[in-house]
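Enquirer: Below: one structure in structure tokens.
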Amino acid sequence: MSKHIEIIGGGLAGCEAAWQAARRGCAVRLYDMKPHRFSPAHSSPLLAEMVCSNSLRSDAQHSAVGLLKEEMRRLDSLIMMVATETAVPAGKALAVNREHFSQGITEHLEQHPLIEIVRQEQTAIPAPTDTPIILATGPLTSDSMTESLVQLTGRERLAFYDAIAPIVHAESLDMGIIYLKSRYDEGPGDYLNCPMNKEEYLAFIQALKGADTVPLKAFEEVKYFEGCLPIEVMVARGDNTLRFGPMKPVGLDDPRTGRYPYAVVQLRKENRQGSLYNMVGFQTKLTYPEQQRIFRLIPGMDQADFARLGSIHRNTFVCAPELLEPTLQLKSRPDLFLAGQLSGVEGYVESTAMGLLAGINASRMLRGRPLVVPPPETALGALITHLTQSDPKHFQPSNVTFGLFPDIPERALEENASHGTDQTDPQHQQYQRNRKKNKLSKAQRGELRSNTALEALALWQSIHKPL
Ligand SMILES: Cc1cc2nc3c(=O)[nH]c(=O)nc-3n(C[C@H](O)[C@H](O)[C@H](O)COP(=O)(O)OP(=O)(O)OC[C@H]3O[C@@H](n4cnc5c(N)ncnc54)[C@H](O)[C@@H]3O)c2cc1C
């Protein structure tokens, strides 16, 4: 094969990347180690295997993940097309028959005249040439390839587990209870503090002790780092462990009492605009329903709307803010694109989305065209913002959520409020009252963001024609 793109990994991201490149007229060689070798979670010889759930989550266009899917459909995503063809009833979610789904994708790629599929493990990242490479070997990248990546990035910039603490939408927090303060007033005071008295703390500990956790899979036996223990492991060591660990209150005097409380849950800004907050030190393997139940016991969080819940997984991913360009090229190797979960996103849909962008950019590189970055108002762009503009010290993979998007401009709120509406309509009046309190409903915000995103995407597509 002469001028072509090499893609390593035929999972969701690699398959989407191959499709995007081939439909732009580029020849592709796609490697996957199956069926000769399987990761601990893969078992089917087919490409694009869904290793766990068969759901691609909400298909409602006014949810962040629904919007991401709609953007991908508008960019002719193979994964979205086959998912729709193989969908099974699942309410508002897009769930698929996983066998038919993987079969359909494998067949589309096998039958494409520009795609060659090589069933072979690639044990190292090829040396740089003028062939663009997309690395999409996923969260369970084979050991030899992981080692090759370590050599390129440095061990400290490659993670082997994600230890994810929950993230909460700022607007759902009760600021009548929570107060802003950094420990001993050092730093800019960016932390929100949820104070607990002794009774509240002990009740919280009791709830954690009785909570259900997600069992570890055999291949997930995690040797926890002492500095990154799950809260339930800390609680098992004694009732006061959290109070001397992530819930330490000293230096966090409540301005209303002038004293520090018995214990404190700290929330740290997750994005620049402060629309999302991360629960500091609250990485956990509690089940999702238990997290929602127990974390809503925290003073000031009884109405908490979680953008993400905590988890701990085996997961290989790079420290994207240090290593990646917004085009998904490795800064130190412009011929090498990272896609899928390895790039630092979380989830089937997000992994596919990064495959789609890597496919577009690798094709443009092969053709000598300038590379592209989607606008930040889009779901695709919001993921790129997360990858490239997060604080590298605290970087963890993320699903797409509206919290990653830029703030909705005040002007757009005005226009949306009055656009083509009957001013006497009670629903509209309620809308105006909410807006005055700066409280658009979740659905209204979703609608506004989706409309803005799809307009930005259309403009981007027209500017970069042919994209
Ligand atoms: C156990 C587990 C469960 C998950 N469950 C969910 C879930 O329910 N929902 C969800 O949204 N997300 C889930 N995820 C997260 C993530 O979205 C999926 O792992 C997703 O499949 C990632 O897509 P990907 O293309 O990056 O990697 P993958 O889909 O894993 O694809 C990587 C491919 O690369 C191949 N490969 C690896 N190394 C090499 C090599 N050296 N040479 C050649 N080929 C290689 C593998 O065989 C595989 O086919 C889960 C992850 C894990 C690990």
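Labeling convention for the structure tokens: chains A, B, ... as they appear, residues from 1 per chain, ligands from 1 in order of appearance.
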DSSP on the backbone, alpha helix (DSSP H) only: what residues of stretch 106-214 of chain A does that give? Format it as a list of chain:residue names.

Expert: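 The alpha helix (DSSP H) residues within stretch 106-214 of chain A come out as A:Thr106, A:Glu107, A:His108, A:Leu109, A:Glu110, A:Gln111, A:Asp143, A:Ser144, A:Met145, A:Thr146, A:Glu147, A:Ser148, A:Leu149, A:Val150, A:Gln151, A:Leu152, A:Thr153, A:Lys198, A:Glu199, A:Glu200, A:Tyr201, A:Leu202, A:Ala203, A:Phe204, A:Ile205, A:Gln206, A:Ala207, A:Leu208, A:Lys209.
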
Enquirer: Env of A:Leu109: 10 Å cut, atoms = only C-alpha atoms, seq-sep filter 2 positions within chain, self excluded. Answer as a VMD selection string.

Expert: chain A and resid 15 to 16 18 to 19 22 30 47 78 104 to 107 111 to 117

Enquirer: Using only C-alpha atoms, please write the residues we just selected to a file, as a compact mmCIF listing (two decimals), in the first residue's frame.

Expert:
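part_11.txt was written with the following content:
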```txt
# COMPACT_ATOMS: atom_id res chain seq x y z
CA CYS A 15 -13.46 1.64 13.09
CA GLU A 16 -14.98 5.13 12.97
CA ALA A 18 -11.12 4.08 9.27
CA TRP A 19 -14.55 4.86 7.86
CA ALA A 22 -11.93 5.94 3.56
CA LEU A 30 -6.56 -1.15 10.10
CA LEU A 47 -14.54 -5.39 15.23
CA LEU A 78 -20.52 4.71 10.53
CA GLY A 104 -22.63 -4.61 10.56
CA ILE A 105 -19.57 -2.48 11.23
CA THR A 106 -17.15 -5.29 10.44
CA GLU A 107 -18.91 -5.96 7.13
CA GLN A 111 -16.29 -4.53 2.01
CA HIS A 112 -14.80 -1.07 1.58
CA PRO A 113 -12.34 -1.12 -1.32
CA LEU A 114 -9.99 1.36 0.39
CA ILE A 115 -9.75 -0.49 3.71
CA GLU A 116 -7.42 -3.39 4.42
CA ILE A 117 -7.96 -5.14 7.76
```

Enquirer: Rank A:Gly355, A:Pro392, A:Pro466, A:Gly344 by their smallest atom-to-atom distance to A:Ile79, using only C-alpha atoms, and report the top residue only.

Expert: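 Selected residue with least distance to A:Ile79: A:Gly355.
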
Enquirer: Excluding A:Lys69 and its own-chain neighbours fewer than 3 positions away, which residues fall within 8 Å of it when counting only C-alpha atoms? Please give them as a ChimeraX atom specification.

Expert: /A:59,65-66,72-73,80,349

Enquirer: Taking N, CA and C atoms for each residue, export the selection above as a short mmCIF file (atom, residue, chain, number, x, y, z; two decimals), in the first residue's frame.

Expert:
```
data_model
loop_
_atom_site.label_atom_id
_atom_site.label_comp_id
_atom_site.auth_asym_id
_atom_site.auth_seq_id
_atom_site.Cartn_x
_atom_site.Cartn_y
_atom_site.Cartn_z
N ASP A 59 -30.62 9.29 23.51
CA ASP A 59 -30.64 9.77 22.12
C ASP A 59 -31.42 11.09 22.03
N VAL A 65 -25.08 13.95 25.48
CA VAL A 65 -24.65 12.78 24.71
C VAL A 65 -25.53 12.57 23.48
N GLY A 66 -26.81 12.98 23.59
CA GLY A 66 -27.69 12.92 22.42
C GLY A 66 -27.21 13.91 21.36
N MET A 72 -22.40 13.64 15.25
CA MET A 72 -21.69 12.57 14.52
C MET A 72 -22.51 12.08 13.33
N ARG A 73 -23.83 12.03 13.50
CA ARG A 73 -24.68 11.64 12.36
C ARG A 73 -24.48 12.63 11.21
N MET A 80 -22.75 5.49 14.22
CA MET A 80 -24.12 5.97 14.44
C MET A 80 -25.09 5.33 13.45
N VAL A 349 -19.61 6.43 23.14
CA VAL A 349 -19.93 7.49 22.17
C VAL A 349 -18.77 8.48 22.08
#
```

Enquirer: Out of A:Phe317, A:Trp460, A:Phe101, A:Tyr184, which residue has the shortest atom-to-atom distance to ligand 1 when counting only C-alpha atoms and all ligand atoms?

Expert: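 The answer is A:Phe317, which sits nearest to ligand 1.
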
Enquirer: Taking into account only C-alpha atoms, which residue in the set A:Pro128, A:Ser102, A:Asp76, A:Thr352 is nearest to A:Ser332?

Expert: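 Closest candidate: A:Pro128.
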
Enquirer: May I ask which of the residues A:Pro126, A:Gly281, A:Gly91, A:Gly381 is the closest one to ligand 1, counting only C-alpha atoms and all ligand atoms?

Expert: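 Looking at the shortest contact to ligand 1, the residue is A:Pro126.
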
Enquirer: Please return as JSON, numbers by chain: the residues of stretch 75-289 of chain A that backbone DSSP assigns to strand (DSSP E).

Expert: {"A": [87, 88, 93, 94, 95, 96, 115, 116, 117, 118, 119, 133, 134, 135, 158, 159, 160, 161, 162, 163, 164, 167, 168, 169, 179, 180, 192, 193, 194, 195, 196, 263, 264, 265, 266, 267, 268, 269, 276, 277, 278, 279]}

Enquirer: Which is closest to ligand 1 among A:Asp254, A:Glu325, A:Asp185, A:Glu6, if we use only C-alpha atoms and all ligand atoms?

Expert: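 Residue with the minimum atom-to-atom distance to ligand 1: A:Glu6.
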
Enquirer: Residues near A:Leu94, anyone? I mean within 6 Å using only C-alpha atoms, not counting same-chain ones fewer than 3 positions away, as an NGL selection string.

Expert: :A and (55-57 or 59)

Enquirer: Take the residues that were just selected and, keeping C-alpha atoms, output them as a PDB file, in the first residue's frame.

Expert:
```
ATOM      1  CA  SER A  55     -26.379   1.158  25.332  1.00  0.00           C
ATOM      2  CA  LEU A  56     -25.058   4.299  23.681  1.00  0.00           C
ATOM      3  CA  ARG A  57     -27.034   6.278  26.296  1.00  0.00           C
ATOM      4  CA  ASP A  59     -30.645   9.772  22.125  1.00  0.00           C
TER       5      ASP A  59
END
```

Enquirer: Considering only C-alpha atoms and all ligand atoms, state which residue in the set A:Ile178, A:Ala358, A:Leu330, A:Leu276 is at the smallest distance from ligand 1.

Expert: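 Answer, going by the shortest atom-to-atom distance: A:Ala358.
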